[in-house]
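A short write-up of the structure that comes next.
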Amino acid sequence: MSSTDTWRPTAAHARAVLGGTLLAVAAVLARRPDLLVFAAPFAVVAVWAVVAKPTVAPTVRQWLGHAVVREGEATTWHIGIDDVEGRVDDVAAVLEVPIWVEQRPEEGQVAISLHDDGEGPLAVVIRPIRWGRRRIGPALVAASSAWAGFRWTSVQLGDARLLTALPQSSKFDASAPPVRTPGLVGVNRSPRQGSGTEFASIRPFQPGDRLRRIHWPQSLRTGVLHVTSTWADHDRHVVLLIDALNDVGESGGIDGRASSLDISMRAAGAIAEHFISTGDRVALVAIGARGVQRLPPATGRRHLRRLLEVMATVESAGEFFDDGRMPRGIAQGALVVMLSAMVSPRALQRAVTIADRGLTIVVIDCLPPDITEKDPNDPYVALAWRIRLLERDSEIRRARERGTPVVPWMGPRSLDVVLRDLHRHAGVRTARRQ
Amino acid sequence: MKARATGQALLLRGLVLTSPLVAIFCTSLAAGRTLPALDVAVAGLALACAALPDSHAGLVVVVLVGIGWWATVDDRLTPWSLAAALALAVFHASMAAASVAPLAAKWTPAMSRRWLRRTAVVGAATCVMWAVVALIGDHRFSGNSLLLAAALVGLAFAALWARTGSIGQRSGAH
C-alpha cells in the first residue's frame, strides 16, 4: 500500500520556462537575435517537459523478500512501480535502515530508467548483522518525468516491514549420554525398562506383563512363560534459562565482537537446535527481559523456529528487579541449561536455588572473554572488571562446591563433560533409589 | 550518514560547475573584455548549483550569463554565441540530471544514454536556431511596432501555455 502525491514542477522546469522566456523577451525588446540562440535550448526543454508531463501518479509497491532470516544472511527490499501512462523516465529510491542492518548499495540509494531498465534493479539488499527484530522501510521513492521537469515523491506511511533476524547458532554437538529424566516417549533410551522399542532382555513372566510380549520360543523350550522386555523410550525436557538482566560487552554484530547476550543467544540457539534434532522437548525462559519471554516445552522444527523467534525479541529490561529466586515455568525433572554472564551474584544464587529444588542444572558462562580489555577513555574500567571477575571466580567456585556445574561456552562439545558427569551422578542416584 | 558520491554524480556536478565558466569564457572571447564582478558572481553561483542541483540558483546563473553577453558583446552573428548557448544547454541538462538521483545512486547505462541523446537533440535545435539567426541577422529590419507587439503576444501565449501545462492543473490519483 502506498499513498501518492501529485506531480510537481521542479526547479529545473522553472529554470527552463523562466530562463527561456526572459532571454526571448530580452531578445525581442533589445533587438538582439543572438539572445534567441541562448533562449533556444531552454525553450525546447520547457516545451518537451510540458508535452511529456505525466498526469497520473504512479503506484508504488514495496516488499521484503524474507521476513525472517538468520543474522548474517541477506534478503532484498523490493520496490515496484506501476506507470500506466509510460511517461515516467527516472526513478530513484532511498532506503534508510536501522542500526545492525547493512545494505547494498551502501547508502541504500538506487536509480533506474523505468522503461529501459525495468523494475529489477530497484532493489536494496539488506543484511541484519545482529539478531533481533528491526523495522525496515519504507523507502522514499522519487519519479521524474522528461528533463526532470516534474517530480512525484512517495509519501508512504504503512509500508514498513518487520525483519526478524534469528540468532545464528554457534556450532554445538553433544555426544554425551542423556541426563536421566522421568519423561517417556522419545529417542533416548531410558535407564529403566518399560514400554519401548529397544530390546533389553527375555525374562520370566510377571503379573502385569502384556500378553503380546510373551516370547513363545523361550516359553516352549523352558516350559515357563517368558516375555521380551524393552528399554523405555524417553525424551528430555530441557529448559533454556537465559539471563537477560545485563548485556555486557560491546557487540560488533555477527562479524565482530560478541556481547554477553550475543553469546547467550547464539549458544541457546545451538543447544535448542541440538536437543530438538534429537527429539527432546525444549522450553525457554528469559529472565530480566522486556515483557514476558517464556515458551512452554515442545519439540519439532516448528517449535525450534518459535524458540529462535522468541529469542530474537529478547531485550534486556535493565531496571528489572532481580531477586535471585526460582523462575516460574520450570517443571520437575527438567534439565535446566542456564546461560548467564553472571555479572550479578544473584544469577548464581538462582542456579543454586534451582539445584536445591532437585533439578539438574548446568550454567554456561557467557561473559565475553575480552571484557577486561583496556578502554582508552577510562582506564579504571578494566581495573574494575578485574576486581569483579576475582569476586565472580570465588562465587563460581562456591557454586561448584555445592554441585552446580559452571562451564564457559566454547562452542562444540562445551557441555559434553558436564552432561557425562550428570549422567553418571544420575545413574548413581537411581541405583541408590532402587 | 555521509553519502559517498558515485562517479556519475561527480561528473555531473563537475559539468554544472564548469559549463557556466565556459559560457563566460566564450563571452569574453566574443567581446574581448569581461565584467569581473559578474564573472565572480557566476562562478560562486555555479559552485552553489553544483552543491545543490535542485535549487533555483541555476536560473540566476542563466540570467547573469545572458546579461553579461548582452552588456559586452556587440557582434550578433559571432559563432561564440552558439558555443555559449551550448554551454548553457549543458549546464541546464547536467543540473537537471543531477537532481533526478541521490548522490550515491549509481546511474544505469540506459539513464546515461537517454540523457546524452536528449541533450544532443537540444544541442542540434540550438545549432538550428543559430543558423536561422545567422541567416536573418544580415538584414536590418526597421522598427516595427506591429511586429514587436506580435512577438510579445506570441511569447506571452507561449509562457501562459507553459504555465498552464506546468501548474495550471492538479494531477494525481488518490
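Chain labels run A, B, ... following the order of the C-alpha cells; each chain numbers its residues from 1, and ligands are numbered from 1 in the order shown.
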Checklist entry - Excluding same-chain residues fewer than 3 positions from Ala24 of chain A, what lies within 8 Å of it counting only C-alpha atoms, as a ChimeraX atom specification? => result /A:20-21,27-28,35-36,39 /B:155
Item to check | Per-residue DSSP, segment 254-305 of chain A, filtered to alpha helix (DSSP H), as a ChimeraX atom specification | outcome: /A:260-277,301-305
Next on the checklist: Report as a count of residues only all protein, DNA and RNA residues lying within 8 Å of Glu315 of chain A, evaluated on only C-alpha atoms, omitting residues in the same chain fewer than 4 positions from it.
Outcome noted: 3
Checklist entry - Of the candidates B:Arg33, B:Leu82, B:Leu64, B:Arg163, which one gets nearest to Ala125 of chain B if we count only C-alpha atoms? => result B:Leu82
Closest pair table for chain B residues within 8 Å of chain A, only C-alpha atoms, as a Markdown table:
```
| residue | atom | partner | partner_atom | distance |
| --- | --- | --- | --- | --- |
| B:Ala3 | CA | A:Glu107 | CA | 6.1 |
| B:Arg4 | CA | A:Glu107 | CA | 7.6 |
| B:Asp54 | CA | A:Ala11 | CA | 5.9 |
| B:Ser55 | CA | A:Ala11 | CA | 5.8 |
| B:His56 | CA | A:Ala11 | CA | 5.7 |
| B:Gly58 | CA | A:Arg15 | CA | 6.8 |
| B:Leu59 | CA | A:Arg15 | CA | 4.9 |
| B:Val62 | CA | A:Gly19 | CA | 6.5 |
| B:Val63 | CA | A:Gly19 | CA | 6.7 |
| B:Gly66 | CA | A:Leu23 | CA | 7.0 |
| B:Trp70 | CA | A:Leu35 | CA | 7.6 |
| B:Arg76 | CA | A:Asp34 | CA | 5.3 |
| B:Leu77 | CA | A:Asp34 | CA | 6.8 |
| B:Ser81 | CA | A:Asp34 | CA | 6.6 |
| B:Leu82 | CA | A:Val37 | CA | 6.7 |
| B:Ala84 | CA | A:Phe38 | CA | 7.5 |
| B:Ala85 | CA | A:Phe38 | CA | 4.7 |
| B:Leu86 | CA | A:Pro41 | CA | 7.9 |
| B:Leu88 | CA | A:Phe38 | CA | 7.5 |
| B:Ala89 | CA | A:Pro41 | CA | 5.7 |
| B:His92 | CA | A:Ala12 | CA | 7.4 |
| B:Ala93 | CA | A:Trp147 | CA | 7.4 |
| B:Met95 | CA | A:Ala12 | CA | 7.4 |
| B:Ala96 | CA | A:Ala12 | CA | 5.5 |
| B:Ala97 | CA | A:Ala148 | CA | 6.9 |
| B:Ser99 | CA | A:Ala148 | CA | 7.5 |
| B:Val100 | CA | A:Ala148 | CA | 6.4 |
| B:Ala101 | CA | A:Ala92 | CA | 5.4 |
| B:Pro102 | CA | A:Gln109 | CA | 6.6 |
| B:Ala104 | CA | A:Gln109 | CA | 6.0 |
| B:Ala105 | CA | A:Val110 | CA | 4.7 |
| B:Lys106 | CA | A:Val110 | CA | 6.4 |
| B:Trp107 | CA | A:Ala111 | CA | 6.1 |
| B:Thr108 | CA | A:Ile112 | CA | 6.0 |
| B:Ala110 | CA | A:Asp116 | CA | 6.1 |
| B:Met111 | CA | A:Ser113 | CA | 5.3 |
| B:Val122 | CA | A:Pro41 | CA | 5.6 |
| B:Gly123 | CA | A:Pro41 | CA | 7.0 |
| B:Ala125 | CA | A:Pro41 | CA | 7.0 |
| B:Thr126 | CA | A:Ala40 | CA | 5.6 |
| B:Met129 | CA | A:Val37 | CA | 5.7 |
| B:Trp130 | CA | A:Val37 | CA | 5.5 |
| B:Val133 | CA | A:Pro33 | CA | 6.1 |
| B:Gly137 | CA | A:Pro33 | CA | 7.3 |
| B:Leu148 | CA | A:Val28 | CA | 7.0 |
| B:Ala151 | CA | A:Val28 | CA | 7.1 |
| B:Leu152 | CA | A:Val25 | CA | 7.1 |
| B:Leu155 | CA | A:Thr21 | CA | 7.2 |
| B:Ala159 | CA | A:Thr21 | CA | 6.7 |
| B:Ala162 | CA | A:Val50 | CA | 6.6 |
| B:Gly165 | CA | A:Val50 | CA | 5.6 |
| B:Ser166 | CA | A:Pro9 | CA | 6.2 |
| B:Ile167 | CA | A:Pro9 | CA | 7.1 |
| B:Arg170 | CA | A:Thr6 | CA | 7.2 |
| B:Ser171 | CA | A:Thr55 | CA | 5.3 |
| B:Gly172 | CA | A:Thr6 | CA | 4.5 |
| B:Ala173 | CA | A:Ala57 | CA | 5.5 |
| B:His174 | CA | A:Thr4 | CA | 6.3 |
```
Checklist outcome for this item: Correct to one decimal, the distance atom CA of Leu339 of chain A-atom CA of Pro379 of chain A is 28.9 Å
Checklist outcome for this item: Atom pair atom CA of Val40 of chain B + atom CA of Cys127 of chain B, distance 28.3 Å
Checklist entry - Using the chain letters and numbers from this document, which residues of segment 35-284 of chain A does DSSP assign to strand (DSSP E or B), as a PyMOL selection string? => result chain A and resi 59-64+68-70+75-82+90-94+101-104+109-113+123-128+132-136+140-144+150-153+155+161-166+188-204+214+226-234+237-243+281-284
Checklist outcome for this item: If you count only C-alpha atoms, the residue of B:Leu146, B:Leu116, B:Leu47, B:Val73 closest to Thr18 of chain B turns out to be B:Leu47
Checklist entry - In Å, with one decimal, what is the gap from atom CA of Thr164 of chain A to atom CA of Trp77 of chain A? => result 13.8 Å
Checklist entry - Which residue out of A:Ser251, A:Thr230, A:Thr222, A:Thr372 has the minimum interatomic distance to Ile202 of chain A when only C-alpha atoms are used? => result A:Thr230
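Using only C-alpha atoms, the nearest neighbour of Arg257 of chain A within the list A:Leu64, A:Leu367, A:Leu307, A:Val337 is A:Leu367.
In this comparison, which uses only C-alpha atoms, the residue of B:Ala46, B:Ala87, B:Leu11, B:Val61 approaching Phe25 of chain B most closely is B:Ala87.
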Item to check | Distance query Thr72 of chain B at most 12 Å, only C-alpha atoms, self and fewer than 2 positions along chain excluded, as a VMD selection string | outcome: chain B and resid 24 26 to 36 38 65 to 70 74 to 76
Item to check | Contacts of segment 207-210 of chain A within 9 Å, only C-alpha atoms, excl. fewer than 3 positions in-chain, as JSON, numbers by chain | outcome: {"A": [213, 214, 227]}
